[in-house]
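Shown here: entry_17.tsv, TSV, C-alpha atoms and all ligand atoms.
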```tsv
chain	number	residue	atom	x	y	z
J	1	MET	CA	-36.36	-4.59	-9.17
J	2	THR	CA	-33.24	-2.68	-8.16
J	3	THR	CA	-32.68	-1.47	-4.64
J	4	ASN	CA	-31.29	2.02	-4.34
J	5	VAL	CA	-27.50	1.99	-3.79
J	6	GLU	CA	-25.84	5.35	-3.20
J	7	GLY	CA	-22.73	6.28	-5.21
J	8	SER	CA	-21.55	5.63	-8.75
J	9	HIS	CA	-22.70	2.42	-10.44
J	10	PHE	CA	-19.53	1.69	-12.38
J	11	PRO	CA	-19.63	-1.90	-13.68
J	12	ALA	CA	-17.36	-4.02	-11.51
J	13	ARG	CA	-15.27	-6.98	-12.66
J	14	HIS	CA	-14.39	-10.24	-10.89
J	15	TRP	CA	-17.67	-11.71	-9.70
J	16	HIS	CA	-19.88	-14.67	-10.51
J	17	ARG	CA	-23.44	-15.78	-9.92
J	18	GLN	CA	-24.13	-18.56	-7.45
J	19	GLU	CA	-26.71	-21.30	-7.74
J	20	ASP	CA	-28.77	-19.80	-4.92
J	21	GLY	CA	-29.13	-16.53	-6.87
J	22	ARG	CA	-26.63	-14.52	-4.89
J	23	ILE	CA	-23.64	-12.86	-6.57
J	24	GLN	CA	-20.17	-13.54	-5.19
J	25	CYS	CA	-17.46	-10.91	-5.41
J	26	ASP	CA	-14.12	-12.45	-6.39
J	27	VAL	CA	-11.86	-9.44	-5.79
J	28	CYS	CA	-10.63	-10.44	-2.35
J	29	PRO	CA	-10.62	-13.63	-0.28
J	30	ARG	CA	-13.65	-12.49	1.71
J	31	ALA	CA	-15.81	-13.66	-1.20
J	32	CYS	CA	-18.86	-11.61	-0.16
J	33	LYS	CA	-22.10	-13.15	-1.35
J	34	LEU	CA	-24.70	-10.52	-2.06
J	35	ALA	CA	-28.40	-10.19	-2.67
J	36	ASP	CA	-29.71	-7.24	-4.64
J	37	GLY	CA	-28.96	-3.93	-2.93
J	38	GLN	CA	-26.37	-5.36	-0.55
J	39	ARG	CA	-22.86	-4.03	-0.17
J	40	GLY	CA	-19.75	-6.09	0.49
J	41	LEU	CA	-17.77	-5.75	3.71
J	42	CYS	CA	-15.62	-3.10	2.02
J	43	PHE	CA	-18.82	-1.08	1.58
J	44	VAL	CA	-17.84	0.24	-1.85
J	45	ARG	CA	-18.62	-2.82	-3.97
J	46	ALA	CA	-22.30	-3.57	-4.19
J	47	ARG	CA	-24.86	-5.58	-6.07
J	48	VAL	CA	-27.29	-3.55	-8.12
J	49	GLY	CA	-29.78	-5.71	-9.93
J	50	GLU	CA	-27.94	-8.51	-11.68
J	51	GLN	CA	-24.45	-7.05	-11.58
J	52	MET	CA	-21.75	-5.83	-9.23
J	53	VAL	CA	-20.86	-2.14	-9.21
J	54	LEU	CA	-18.10	0.02	-7.76
J	55	THR	CA	-19.70	2.94	-5.94
J	56	THR	CA	-16.59	5.12	-5.56
J	57	TYR	CA	-15.37	5.27	-9.16
J	58	GLY	CA	-14.13	8.78	-9.95
J	59	ARG	CA	-14.49	10.08	-6.38
J	60	SER	CA	-11.70	10.73	-3.89
J	61	SER	CA	-11.38	11.56	-0.22
J	62	GLY	CA	-8.74	14.12	-1.21
J	63	PHE	CA	-5.45	14.60	-3.02
J	64	CYS	CA	-2.09	15.47	-1.58
J	65	ILE	CA	1.43	15.69	-2.95
J	66	ASP	CA	3.67	13.65	-0.66
J	67	PRO	CA	7.32	12.65	-0.70
J	68	ILE	CA	7.57	9.12	-2.16
J	69	GLU	CA	9.40	8.14	1.03
J	70	LYS	CA	6.15	8.62	2.93
J	71	LYS	CA	4.41	5.66	1.20
J	72	PRO	CA	6.98	4.33	2.34
J	73	LEU	CA	9.17	3.57	-0.66
J	74	ASN	CA	12.90	4.18	-0.18
J	75	HIS	CA	14.16	2.54	-3.38
J	76	PHE	CA	11.74	4.00	-5.92
J	77	LEU	CA	12.57	7.39	-7.48
J	78	PRO	CA	13.91	8.79	-4.18
J	79	GLY	CA	13.19	12.41	-3.40
J	80	THR	CA	10.36	12.73	-5.90
J	81	PRO	CA	6.81	14.00	-5.29
J	82	VAL	CA	3.90	11.59	-5.61
J	83	LEU	CA	0.29	12.64	-6.12
J	84	SER	CA	-1.54	10.60	-3.49
J	85	PHE	CA	-5.20	9.85	-3.04
J	86	GLY	CA	-7.68	7.38	-1.63
J	87	THR	CA	-11.40	6.77	-1.67
J	88	ALA	CA	-13.44	5.16	1.12
J	89	GLY	CA	-13.81	1.72	2.68
J	90	CYS	CA	-11.49	-1.24	3.26
J	91	ASN	CA	-11.63	-5.03	2.95
J	92	LEU	CA	-9.88	-5.69	6.26
J	93	THR	CA	-11.10	-4.69	9.70
J	94	CYS	CA	-7.82	-3.93	11.49
J	95	LYS	CA	-8.47	-2.79	15.04
J	96	PHE	CA	-5.35	-0.62	14.93
J	97	CYS	CA	-6.19	1.14	11.65
J	98	GLN	CA	-4.19	4.37	11.35
J	99	ASN	CA	-6.51	5.76	8.64
J	100	TRP	CA	-9.83	4.65	10.08
J	101	ASP	CA	-11.68	7.87	9.24
J	102	ILE	CA	-11.24	6.99	5.55
J	103	SER	CA	-11.13	3.21	5.60
J	104	LYS	CA	-14.23	2.92	7.80
J	105	ALA	CA	-16.09	5.71	6.03
J	106	ARG	CA	-19.72	4.86	5.44
J	107	GLU	CA	-20.74	8.31	4.31
J	108	PHE	CA	-20.00	9.36	0.80
J	109	ASP	CA	-19.71	13.00	1.79
J	110	ARG	CA	-16.13	12.12	2.70
J	111	LEU	CA	-15.51	11.77	-1.03
J	112	VAL	CA	-14.97	15.45	-1.53
J	113	ASP	CA	-13.07	15.60	-4.79
J	114	GLY	CA	-14.23	14.33	-8.16
J	115	ALA	CA	-11.46	12.95	-10.35
J	116	PRO	CA	-11.77	10.85	-13.49
J	117	PRO	CA	-8.61	8.88	-14.32
J	118	GLU	CA	-7.42	11.16	-17.12
J	119	ARG	CA	-7.69	14.23	-14.92
J	120	ILE	CA	-5.57	12.59	-12.22
J	121	ALA	CA	-2.87	11.71	-14.75
J	122	GLN	CA	-2.91	15.20	-16.26
J	123	ALA	CA	-2.79	16.80	-12.81
J	124	ALA	CA	0.18	14.66	-11.78
J	125	LYS	CA	2.07	15.74	-14.89
J	126	ALA	CA	1.13	19.40	-14.50
J	127	LEU	CA	2.16	19.37	-10.83
J	128	GLY	CA	5.56	17.81	-11.57
J	129	CYS	CA	4.81	14.49	-9.83
J	130	ARG	CA	6.71	11.47	-11.08
J	131	SER	CA	4.06	9.09	-9.83
J	132	VAL	CA	0.51	8.69	-8.55
J	133	ALA	CA	-0.14	6.66	-5.39
J	134	PHE	CA	-3.32	4.80	-4.48
J	135	THR	CA	-3.11	5.08	-0.74
J	136	TYR	CA	-4.93	6.15	2.48
J	137	ASN	CA	-7.29	3.22	1.92
J	138	ASP	CA	-6.67	-0.05	0.08
J	139	PRO	CA	-6.90	0.31	-3.73
J	140	VAL	CA	-7.76	-3.38	-4.09
J	141	ILE	CA	-11.39	-2.49	-3.37
J	142	PHE	CA	-11.49	0.22	-6.05
J	143	LEU	CA	-9.64	-1.93	-8.57
J	144	GLU	CA	-11.42	-0.66	-11.71
J	145	TYR	CA	-10.77	2.99	-10.81
J	146	ALA	CA	-7.13	2.31	-9.89
J	147	VAL	CA	-6.48	0.28	-13.06
J	148	ASP	CA	-8.00	2.92	-15.34
J	149	THR	CA	-6.03	5.64	-13.56
J	150	ALA	CA	-2.81	3.65	-13.87
J	151	ARG	CA	-3.40	3.24	-17.61
J	152	ALA	CA	-4.04	6.96	-18.03
J	153	CYS	CA	-0.85	7.68	-16.08
J	154	ARG	CA	1.21	5.27	-18.13
J	155	ALA	CA	0.05	7.03	-21.30
J	156	LEU	CA	1.59	10.25	-19.96
J	157	GLY	CA	4.77	8.70	-18.59
J	158	ILE	CA	3.64	8.88	-14.96
J	159	LYS	CA	4.37	5.86	-12.70
J	160	THR	CA	1.85	4.39	-10.27
J	161	VAL	CA	2.20	3.09	-6.74
J	162	ALA	CA	-0.18	0.83	-4.80
J	163	VAL	CA	-0.12	1.01	-1.02
J	164	THR	CA	-1.95	-2.14	-0.09
J	165	ALA	CA	-2.42	-4.94	2.40
J	166	GLY	CA	-2.19	-7.37	-0.52
J	167	TYR	CA	-5.48	-9.03	0.43
J	168	ILE	CA	-6.61	-9.88	-3.08
J	169	THR	CA	-7.44	-13.02	-5.05
J	170	PRO	CA	-4.86	-14.27	-7.58
J	171	LYS	CA	-7.06	-13.44	-10.59
J	172	ALA	CA	-7.90	-9.92	-9.48
J	173	GLY	CA	-4.29	-9.44	-8.36
J	174	ALA	CA	-3.02	-10.35	-11.81
J	175	GLU	CA	-5.13	-7.59	-13.39
J	176	PHE	CA	-4.36	-5.08	-10.68
J	177	PHE	CA	-0.59	-5.47	-10.44
J	178	ALA	CA	-0.12	-5.65	-14.22
J	179	GLU	CA	-0.76	-1.89	-14.24
J	180	MET	CA	1.35	-0.90	-11.22
J	181	ASP	CA	4.99	0.15	-11.24
J	182	ALA	CA	5.57	-0.09	-7.51
J	183	ALA	CA	3.85	-1.20	-4.33
J	184	ASN	CA	4.24	-1.08	-0.62
J	185	VAL	CA	2.62	-4.14	0.90
J	186	ASP	CA	1.64	-4.31	4.55
J	187	LEU	CA	2.69	-7.56	6.14
J	188	LYS	CA	0.78	-6.92	9.32
J	189	ALA	CA	2.13	-9.83	11.34
J	190	PHE	CA	3.30	-13.37	10.82
J	191	THR	CA	0.61	-15.37	12.56
J	192	GLU	CA	-2.73	-16.55	11.28
J	193	ASP	CA	-4.18	-15.72	14.69
J	194	PHE	CA	-3.26	-12.01	14.38
J	195	TYR	CA	-4.77	-11.75	10.92
J	196	ARG	CA	-7.94	-13.57	11.97
J	197	THR	CA	-8.62	-11.88	15.30
J	198	ILE	CA	-7.26	-8.38	14.70
J	199	CYS	CA	-7.64	-7.86	10.94
J	200	GLY	CA	-10.45	-10.21	9.96
J	201	GLY	CA	-8.32	-11.80	7.24
J	202	HIS	CA	-5.85	-14.56	6.50
J	203	LEU	CA	-2.06	-14.41	6.44
J	204	GLY	CA	-1.73	-16.97	3.64
J	205	ALA	CA	-3.44	-14.75	1.05
J	206	VAL	CA	-1.01	-11.90	1.77
J	207	LEU	CA	2.03	-14.18	1.51
J	208	ASP	CA	0.68	-15.46	-1.81
J	209	THR	CA	0.47	-11.87	-3.08
J	210	LEU	CA	4.07	-11.19	-2.06
J	211	LEU	CA	5.24	-14.37	-3.78
J	212	TYR	CA	3.29	-13.42	-6.90
J	213	LEU	CA	4.80	-9.94	-6.98
J	214	LYS	CA	8.31	-11.30	-6.63
J	215	HIS	CA	8.14	-14.20	-9.03
J	216	HIS	CA	5.58	-13.15	-11.66
J	217	THR	CA	5.76	-9.36	-12.03
J	218	LYS	CA	8.24	-6.54	-12.53
J	219	VAL	CA	6.60	-4.41	-9.82
J	220	TRP	CA	9.11	-2.86	-7.45
J	221	PHE	CA	7.82	-3.53	-3.95
J	222	GLU	CA	8.76	-2.95	-0.36
J	223	ILE	CA	7.17	-4.37	2.79
J	224	THR	CA	5.92	-2.54	5.86
J	225	THR	CA	5.18	-4.08	9.24
J	226	LEU	CA	3.63	-1.84	11.88
J	227	LEU	CA	4.96	-3.08	15.21
J	228	ILE	CA	2.25	-3.03	17.89
J	229	PRO	CA	3.52	-3.49	21.45
J	230	GLY	CA	2.63	-6.93	22.79
J	231	GLU	CA	0.85	-8.01	19.59
J	232	ASN	CA	3.41	-8.64	16.83
J	233	ASP	CA	6.72	-7.26	18.08
J	234	SER	CA	8.29	-10.32	19.74
J	235	GLU	CA	11.80	-11.31	18.74
J	236	SER	CA	10.55	-14.69	17.53
J	237	GLU	CA	7.93	-13.12	15.25
J	238	ILE	CA	10.42	-10.66	13.75
J	239	ASP	CA	12.79	-13.57	13.28
J	240	SER	CA	10.06	-15.56	11.47
J	241	ILE	CA	9.06	-12.67	9.23
J	242	SER	CA	12.57	-11.83	8.18
J	243	ARG	CA	13.57	-15.45	7.58
J	244	TRP	CA	10.54	-15.91	5.37
J	245	VAL	CA	11.30	-12.74	3.42
J	246	VAL	CA	14.89	-13.76	2.74
J	247	GLU	CA	14.07	-17.35	1.86
J	248	SER	CA	10.96	-16.64	-0.23
J	249	LEU	CA	11.55	-13.19	-1.71
J	250	GLY	CA	15.32	-12.78	-1.48
J	251	PRO	CA	17.52	-10.32	0.41
J	252	ASP	CA	16.82	-7.26	-1.76
J	253	VAL	CA	13.20	-6.62	-0.80
J	254	PRO	CA	13.34	-3.69	1.65
J	255	VAL	CA	11.44	-4.05	4.91
J	256	HIS	CA	10.14	-1.13	6.99
J	257	PHE	CA	9.34	-1.60	10.68
J	258	SER	CA	7.19	1.33	11.62
J	259	ALA	CA	5.92	2.71	14.91
J	260	PHE	CA	2.31	2.27	15.98
J	261	HIS	CA	0.38	5.10	17.55
J	262	PRO	CA	-2.77	4.36	19.57
J	263	ASP	CA	-5.82	4.61	17.32
J	264	TRP	CA	-9.27	3.26	16.42
J	265	LYS	CA	-10.02	0.18	18.56
J	266	MET	CA	-6.51	-0.05	19.99
J	267	ALA	CA	-6.40	3.34	21.67
J	268	ASP	CA	-5.33	1.65	24.92
J	269	LYS	CA	-2.03	0.38	23.49
J	270	PRO	CA	1.18	2.37	24.03
J	271	HIS	CA	3.27	3.89	21.23
J	272	THR	CA	6.02	1.67	19.86
J	273	GLU	CA	9.33	2.66	21.43
J	274	GLY	CA	12.26	3.41	19.15
J	275	GLY	CA	14.32	0.67	20.79
J	276	ILE	CA	11.80	-1.97	19.65
J	277	LEU	CA	12.11	-0.79	16.07
J	278	SER	CA	15.90	-0.81	16.24
J	279	ARG	CA	15.88	-4.31	17.71
J	280	ALA	CA	13.61	-5.52	14.91
J	281	ARG	CA	15.92	-3.91	12.37
J	282	SER	CA	18.94	-5.68	13.86
J	283	ILE	CA	17.22	-9.07	13.81
J	284	ALA	CA	16.12	-8.67	10.19
J	285	LYS	CA	19.57	-7.53	9.09
J	286	ALA	CA	21.20	-10.43	10.92
J	287	ASN	CA	18.86	-12.77	9.03
J	288	GLY	CA	20.10	-11.38	5.74
J	289	ILE	CA	17.68	-8.64	4.64
J	290	ARG	CA	19.93	-6.01	3.09
J	291	HIS	CA	17.78	-2.93	3.56
J	292	VAL	CA	15.76	-2.63	6.75
J	293	TYR	CA	14.24	0.66	7.84
J	294	THR	CA	12.59	2.13	10.89
J	295	GLY	CA	9.57	4.32	10.22
J	296	ASN	CA	7.30	6.85	11.93
J	297	VAL	CA	10.23	7.87	14.15
J	298	GLN	CA	13.15	10.21	13.71
J	299	ASP	CA	16.08	7.86	13.16
J	300	ALA	CA	18.61	9.05	10.60
J	301	ASN	CA	20.53	5.77	10.82
J	302	GLY	CA	17.51	3.49	10.47
J	303	GLY	CA	15.94	5.71	7.82
J	304	SER	CA	18.98	5.87	5.55
J	305	THR	CA	20.16	3.47	2.86
J	306	TRP	CA	23.54	1.83	3.27
J	307	CYS	CA	25.56	-0.12	0.72
J	308	HIS	CA	25.43	-3.83	1.49
J	309	GLY	CA	28.77	-4.23	-0.27
J	310	CYS	CA	31.01	-1.76	1.56
J	311	GLY	CA	28.76	-0.09	4.16
J	312	ALA	CA	28.92	3.37	2.56
J	313	LEU	CA	26.02	5.75	3.01
J	314	LEU	CA	24.05	5.68	-0.25
J	315	ILE	CA	20.96	7.75	0.53
J	316	GLY	CA	20.88	9.82	3.69
J	317	ARG	CA	17.40	10.60	5.08
J	318	ASP	CA	16.18	12.70	7.94
J	319	TRP	CA	12.46	12.00	8.12
J	320	TYR	CA	11.56	12.33	4.43
J	321	GLU	CA	14.32	14.79	3.55
J	322	LEU	CA	17.25	13.45	1.53
J	323	SER	CA	20.79	14.50	2.40
J	324	THR	CA	23.71	12.42	1.09
J	325	TRP	CA	23.44	10.85	-2.39
J	326	GLY	CA	26.06	8.16	-2.87
J	327	LEU	CA	24.77	6.53	-6.08
J	328	ASP	CA	26.26	6.93	-9.53
J	329	GLU	CA	24.10	7.49	-12.61
J	330	ASP	CA	23.49	3.74	-12.93
J	331	GLY	CA	22.27	3.31	-9.38
J	332	ARG	CA	25.52	1.82	-8.08
J	333	CYS	CA	27.51	2.65	-4.96
J	334	ARG	CA	30.02	5.33	-5.87
J	335	ALA	CA	32.54	3.85	-3.43
J	336	CYS	CA	32.53	0.19	-4.46
J	337	GLY	CA	30.25	-0.16	-7.49
J	338	THR	CA	27.73	-2.51	-5.86
J	339	PRO	CA	24.30	-2.01	-7.48
J	340	LEU	CA	21.44	-0.92	-5.26
J	341	ALA	CA	18.18	-2.78	-5.86
J	342	GLY	CA	15.33	-0.48	-6.85
J	343	ARG	CA	14.30	2.04	-9.51
J	344	PHE	CA	16.55	5.06	-9.70
J	345	GLU	CA	17.08	8.01	-11.98
J	346	PRO	CA	20.52	9.56	-12.54
J	347	ALA	CA	19.83	12.19	-9.88
J	348	PRO	CA	17.52	12.28	-6.83
J	349	GLY	CA	14.38	14.40	-6.63
J	350	THR	CA	14.31	17.55	-4.56
J	351	TRP	CA	10.76	17.51	-3.20
J	352	GLY	CA	11.87	17.29	0.44
J	353	ARG	CA	9.43	16.48	3.26
J	354	ARG	CA	6.57	18.74	2.21
J	355	ARG	CA	2.92	17.65	2.11
J	356	GLN	CA	0.81	19.76	-0.17
J	357	PRO	CA	-2.97	19.23	-0.38
J	358	VAL	CA	-4.43	19.90	-3.83
J	359	ARG	CA	-7.96	20.10	-5.24
J	360	LEU	CA	-8.56	18.60	-8.64
J	361	GLN	CA	-12.20	19.51	-9.07
J	362	GLY	CA	-12.84	22.87	-10.59
R	401	LIG	S1	-13.64	-6.59	-2.40
R	401	LIG	FE1	-15.29	-5.98	-0.99
R	401	LIG	S2	-17.16	-6.94	-1.81
R	401	LIG	FE2	-15.42	-7.94	-2.79
R	401	LIG	S3	-15.05	-9.78	-1.53
R	401	LIG	FE3	-13.69	-8.15	-0.78
R	401	LIG	S4	-14.81	-7.13	0.89
R	401	LIG	FE4	-16.30	-8.36	-0.28
```

Go ahead and render the structure in this file as structure tokens.
Ligand code: SF4
Amino acid sequence: MTTNVEGSHFPARHWHRQEDGRIQCDVCPRACKLADGQRGLCFVRARVGEQMVLTTYGRSSGFCIDPIEKKPLNHFLPGTPVLSFGTAGCNLTCKFCQNWDISKAREFDRLVDGAPPERIAQAAKALGCRSVAFTYNDPVIFLEYAVDTARACRALGIKTVAVTAGYITPKAGAEFFAEMDAANVDLKAFTEDFYRTICGGHLGAVLDTLLYLKHHTKVWFEITTLLIPGENDSESEIDSISRWVVESLGPDVPVHFSAFHPDWKMADKPHTEGGILSRARSIAKANGIRHVYTGNVQDANGGSTWCHGCGALLIGRDWYELSTWGLDEDGRCRACGTPLAGRFEPAPGTWGRRRQPVRLQG
């Protein structure tokens, strides 16, 4: 007998049957163990009869053309538009979630726009987007939909970007990241206690994902840490994060320290002051990270890209708007010839800071 489960019943991958009859999902380290009709913590993966299904395949909470810098990615096709979308649900339970209306969605009426993978790829091409981003909620939980969309995009020459917390098992991660061209990975803090008590996860799994990306894939990735006053913004924690990044991933992985705004279950916390972001940037740079950015604040200095060889301004940014372009056609500093790590085209895009909602259905 099959219990009624709302949503699409797209066959899910990465699960196995347990001896007690339950089915365990192997997509993320939560390892939800489900009886018939039960959903995982992410809400969108469920057991229907004797198999796991993805209930959000082909449905989106909305599409928007964003600047690629908004993901944030500062070293991946700068200035270009990216067709961005998400679905519903999340596999972490962050109390500070900045997209909680989507990530905590339990009602499928939030999934307003139907979009099979091929239509997304065709729309991106027709709209002049260089890439498609899986964002707003974590694409790990809609892996099959994201992977099929990435393949459809690749067939049309469109790149794909995953905006993710990196909370995924090694096996599922290998399938997922094999199809991605770029990623922004949230490194939410550098203590197991923060991940356990505030996010309901484990730091180690996220570090493993970052190590995998660096050492076993060609995915271009950048890291974002949202600094929450009093929770993860101490000098010692920033020091620990940045030392780990340099030692484990190398100096060329860009790091973004972005400002928190009070939201969800942390509405009582203050905004992150600009000075805290600048201090974090200084610590990380002193520890050897070459490209450290401040985010969610207006800071032309902390938002711009500077040559680590000679200090010249390579990519000027004011919010998401590009100004100066100091790279040659090969992505090197025009002043001293030092290459800039990342994925660049001979000229920058001209999308600017616009956000443009689009409907794909109909
Ligand atoms: S992806 Fe969802 S169902 Fe699977 S283990 Fe993670 S939270 Fe549970």

Chain J residues near ligand LIG 401 (chain R) within 7 Å, closest pair each, using all atoms listed in the file, as a Markdown table:
```
| residue | atom | partner | partner_atom | distance |
| --- | --- | --- | --- | --- |
| J:Cys25 | CA | R:LIG401 | FE2 | 4.5 |
| J:Asp26 | CA | R:LIG401 | S3 | 5.6 |
| J:Val27 | CA | R:LIG401 | S1 | 4.8 |
| J:Cys28 | CA | R:LIG401 | FE3 | 4.1 |
| J:Pro29 | CA | R:LIG401 | S3 | 6.0 |
| J:Arg30 | CA | R:LIG401 | S3 | 4.4 |
| J:Ala31 | CA | R:LIG401 | S3 | 4.0 |
| J:Cys32 | CA | R:LIG401 | FE4 | 4.1 |
| J:Arg39 | CA | R:LIG401 | S2 | 6.6 |
| J:Gly40 | CA | R:LIG401 | S2 | 3.6 |
| J:Leu41 | CA | R:LIG401 | S4 | 4.3 |
| J:Cys42 | CA | R:LIG401 | FE1 | 4.2 |
| J:Phe43 | CA | R:LIG401 | FE1 | 6.6 |
| J:Val44 | CA | R:LIG401 | FE1 | 6.8 |
| J:Arg45 | CA | R:LIG401 | S2 | 4.9 |
| J:Ala46 | CA | R:LIG401 | S2 | 6.6 |
| J:Asn91 | CA | R:LIG401 | S4 | 4.3 |
| J:Val140 | CA | R:LIG401 | S1 | 6.9 |
| J:Ile141 | CA | R:LIG401 | S1 | 4.8 |
```

How close does stretch 31-96 of chain J get to stretch 319-337 of chain J? List, as CSV, each residue of stretch 31-96 of chain J within 12 Å, its nearest atom pair and the distance in Å to one decimal, counting all atoms listed in the file.
```
residue,atom,partner,partner_atom,distance
J:Asp66,CA,J:Tyr320,CA,9.5
J:Pro67,CA,J:Tyr320,CA,6.7
J:Ile68,CA,J:Tyr320,CA,8.3
J:Glu69,CA,J:Tyr320,CA,5.8
J:Lys70,CA,J:Tyr320,CA,6.7
J:Lys71,CA,J:Tyr320,CA,10.3
J:Pro72,CA,J:Tyr320,CA,9.5
J:Leu73,CA,J:Tyr320,CA,10.4
J:Asn74,CA,J:Tyr320,CA,9.5
J:His75,CA,J:Gly331,CA,10.1
J:Phe76,CA,J:Gly331,CA,11.1
J:Leu77,CA,J:Gly331,CA,10.7
J:Pro78,CA,J:Leu322,CA,8.1
J:Gly79,CA,J:Leu322,CA,6.5
J:Thr80,CA,J:Leu322,CA,10.2
J:Pro81,CA,J:Tyr320,CA,10.9
```

Report, in Å with one decimal, the straight-line distance from atom CA of J:Ala300 to atom CA of J:Asp318.
5.1 Å

Top pick for closest residue to J:Thr93, considering J:Thr197, J:Thr160, J:Thr191, J:Gln18 and counting all atoms listed in the file:
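The answer is J:Thr197, which sits nearest to J:Thr93.
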
Using only C-alpha atoms, the best pick from J:Val358, J:Leu210, J:Leu54, J:Leu127 as closest to J:Phe85 would be J:Val358

For each of J:Ser234, J:Gly173, J:Glu273, J:Arg317, take the minimum atom-to-atom distance to J:His216, counting only C-alpha atoms, then give the residue where this is smallest.
J:Gly173

Just the residues within 7 Å of stretch 244-260 of chain J, please, counting all atoms listed in the file, with nothing from its chain fewer than 4 positions along; format it as a count of residues only.
25

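Interatomic distance, atom CA of J:Phe63 to atom CA of J:Ile315: 27.5 Å.
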
Could you list, as a PyMOL selection string, every residue within 12 Å of J:Thr55, counting all atoms listed in the file and ignoring same-chain residues fewer than 2 positions away?
chain J and resi 4-12+37-40+42-48+52-53+57-60+87-89+106-108+111+141-145

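Interatomic distance, atom CA of J:Thr305 against atom CA of J:Ile241: 20.6 Å.
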
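When only C-alpha atoms are used to measure the gap to J:Glu345, the shortest distance among J:Lys188, J:His202, J:Arg243, J:Arg130 belongs to J:Arg130.
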
Name the residues in contact with J:Trp220 at a cut-off of 8 Å, using only C-alpha atoms, excluding same-chain residues fewer than 5 positions from it; report them as a PyMOL selection string.
chain J and resi 76+181-183+342-343

Of the candidates J:Thr217, J:Asn99, J:Ser242, J:Thr209, which one gets nearest to J:Pro170 if we count only C-alpha atoms?
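Smallest separation from J:Pro170 among the options: J:Thr209.
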
Of the listed residues J:Tyr212, J:Phe177, J:Tyr195, J:Phe190, that which approaches J:Ser236 most closely, counting all atoms listed in the file
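Nearest candidate to J:Ser236 out of J:Tyr212, J:Phe177, J:Tyr195, J:Phe190: J:Phe190.
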
Extract, using all atoms listed in the file, all DNA, RNA and protein residues at most 12 Å from J:Glu175, discarding same-chain residues fewer than 3 positions from it, and format them as an mmCIF file with C-alpha atoms, in the coordinates of the input.
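Output file out-v1.cif follows:
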```
data_model
loop_
_atom_site.group_PDB
_atom_site.id
_atom_site.type_symbol
_atom_site.label_atom_id
_atom_site.label_comp_id
_atom_site.auth_asym_id
_atom_site.auth_seq_id
_atom_site.Cartn_x
_atom_site.Cartn_y
_atom_site.Cartn_z
ATOM 1 C CA ARG J 13 -15.270 -6.980 -12.660
ATOM 2 C CA HIS J 14 -14.390 -10.240 -10.890
ATOM 3 C CA VAL J 27 -11.860 -9.440 -5.790
ATOM 4 C CA VAL J 140 -7.760 -3.380 -4.090
ATOM 5 C CA LEU J 143 -9.640 -1.930 -8.570
ATOM 6 C CA GLU J 144 -11.420 -0.660 -11.710
ATOM 7 C CA ALA J 146 -7.130 2.310 -9.890
ATOM 8 C CA VAL J 147 -6.480 0.280 -13.060
ATOM 9 C CA ASP J 148 -8.000 2.920 -15.340
ATOM 10 C CA ALA J 150 -2.810 3.650 -13.870
ATOM 11 C CA ARG J 151 -3.400 3.240 -17.610
ATOM 12 C CA ILE J 168 -6.610 -9.880 -3.080
ATOM 13 C CA THR J 169 -7.440 -13.020 -5.050
ATOM 14 C CA PRO J 170 -4.860 -14.270 -7.580
ATOM 15 C CA LYS J 171 -7.060 -13.440 -10.590
ATOM 16 C CA ALA J 172 -7.900 -9.920 -9.480
ATOM 17 C CA ALA J 178 -0.120 -5.650 -14.220
ATOM 18 C CA GLU J 179 -0.760 -1.890 -14.240
ATOM 19 C CA MET J 180 1.350 -0.900 -11.220
ATOM 20 C CA THR J 217 5.760 -9.360 -12.030
#
```

Near J:Gln361, counting all atoms listed in the file, which residues have an atom at most 7 Å away, once you skip same-chain residues fewer than 6 positions from it, shown as a ChimeraX atom specification?
/J:113-115

Could you tell me, as number ranges by chain, which residues have any atom at most 6 Å from (28.9, -0.9, -0.6), counting all atoms listed in the file?
J: 307-312, 333, 336, 338

Taking the block above, write stretch 227-234 of chain J with N, CA and C atoms as an mmCIF file, in the first residue's frame.
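This went into decode.cif:
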```cif
data_model
loop_
_atom_site.group_PDB
_atom_site.id
_atom_site.type_symbol
_atom_site.label_atom_id
_atom_site.label_comp_id
_atom_site.auth_asym_id
_atom_site.auth_seq_id
_atom_site.Cartn_x
_atom_site.Cartn_y
_atom_site.Cartn_z
ATOM 1 N N LEU J 227 28.832 36.405 8.568
ATOM 2 C CA LEU J 227 29.319 36.686 9.923
ATOM 3 C C LEU J 227 28.165 37.170 10.806
ATOM 4 N N ILE J 228 27.864 36.399 11.841
ATOM 5 C CA ILE J 228 26.757 36.710 12.745
ATOM 6 C C ILE J 228 27.342 37.231 14.058
ATOM 7 N N PRO J 229 26.978 38.458 14.437
ATOM 8 C CA PRO J 229 27.576 39.044 15.640
ATOM 9 C C PRO J 229 27.472 38.117 16.858
ATOM 10 N N GLY J 230 28.631 37.883 17.476
ATOM 11 C CA GLY J 230 28.662 37.092 18.704
ATOM 12 C C GLY J 230 28.594 35.594 18.497
ATOM 13 N N GLU J 231 28.418 35.133 17.261
ATOM 14 C CA GLU J 231 28.262 33.692 17.023
ATOM 15 C C GLU J 231 29.470 33.080 16.307
ATOM 16 N N ASN J 232 29.953 33.767 15.271
ATOM 17 C CA ASN J 232 31.051 33.175 14.473
ATOM 18 C C ASN J 232 32.002 34.244 13.952
ATOM 19 N N ASP J 233 31.992 35.426 14.594
ATOM 20 C CA ASP J 233 32.774 36.541 14.039
ATOM 21 C C ASP J 233 33.996 36.895 14.880
ATOM 22 N N SER J 234 34.403 36.010 15.792
ATOM 23 C CA SER J 234 35.575 36.336 16.615
ATOM 24 C C SER J 234 36.843 36.291 15.769
#
```
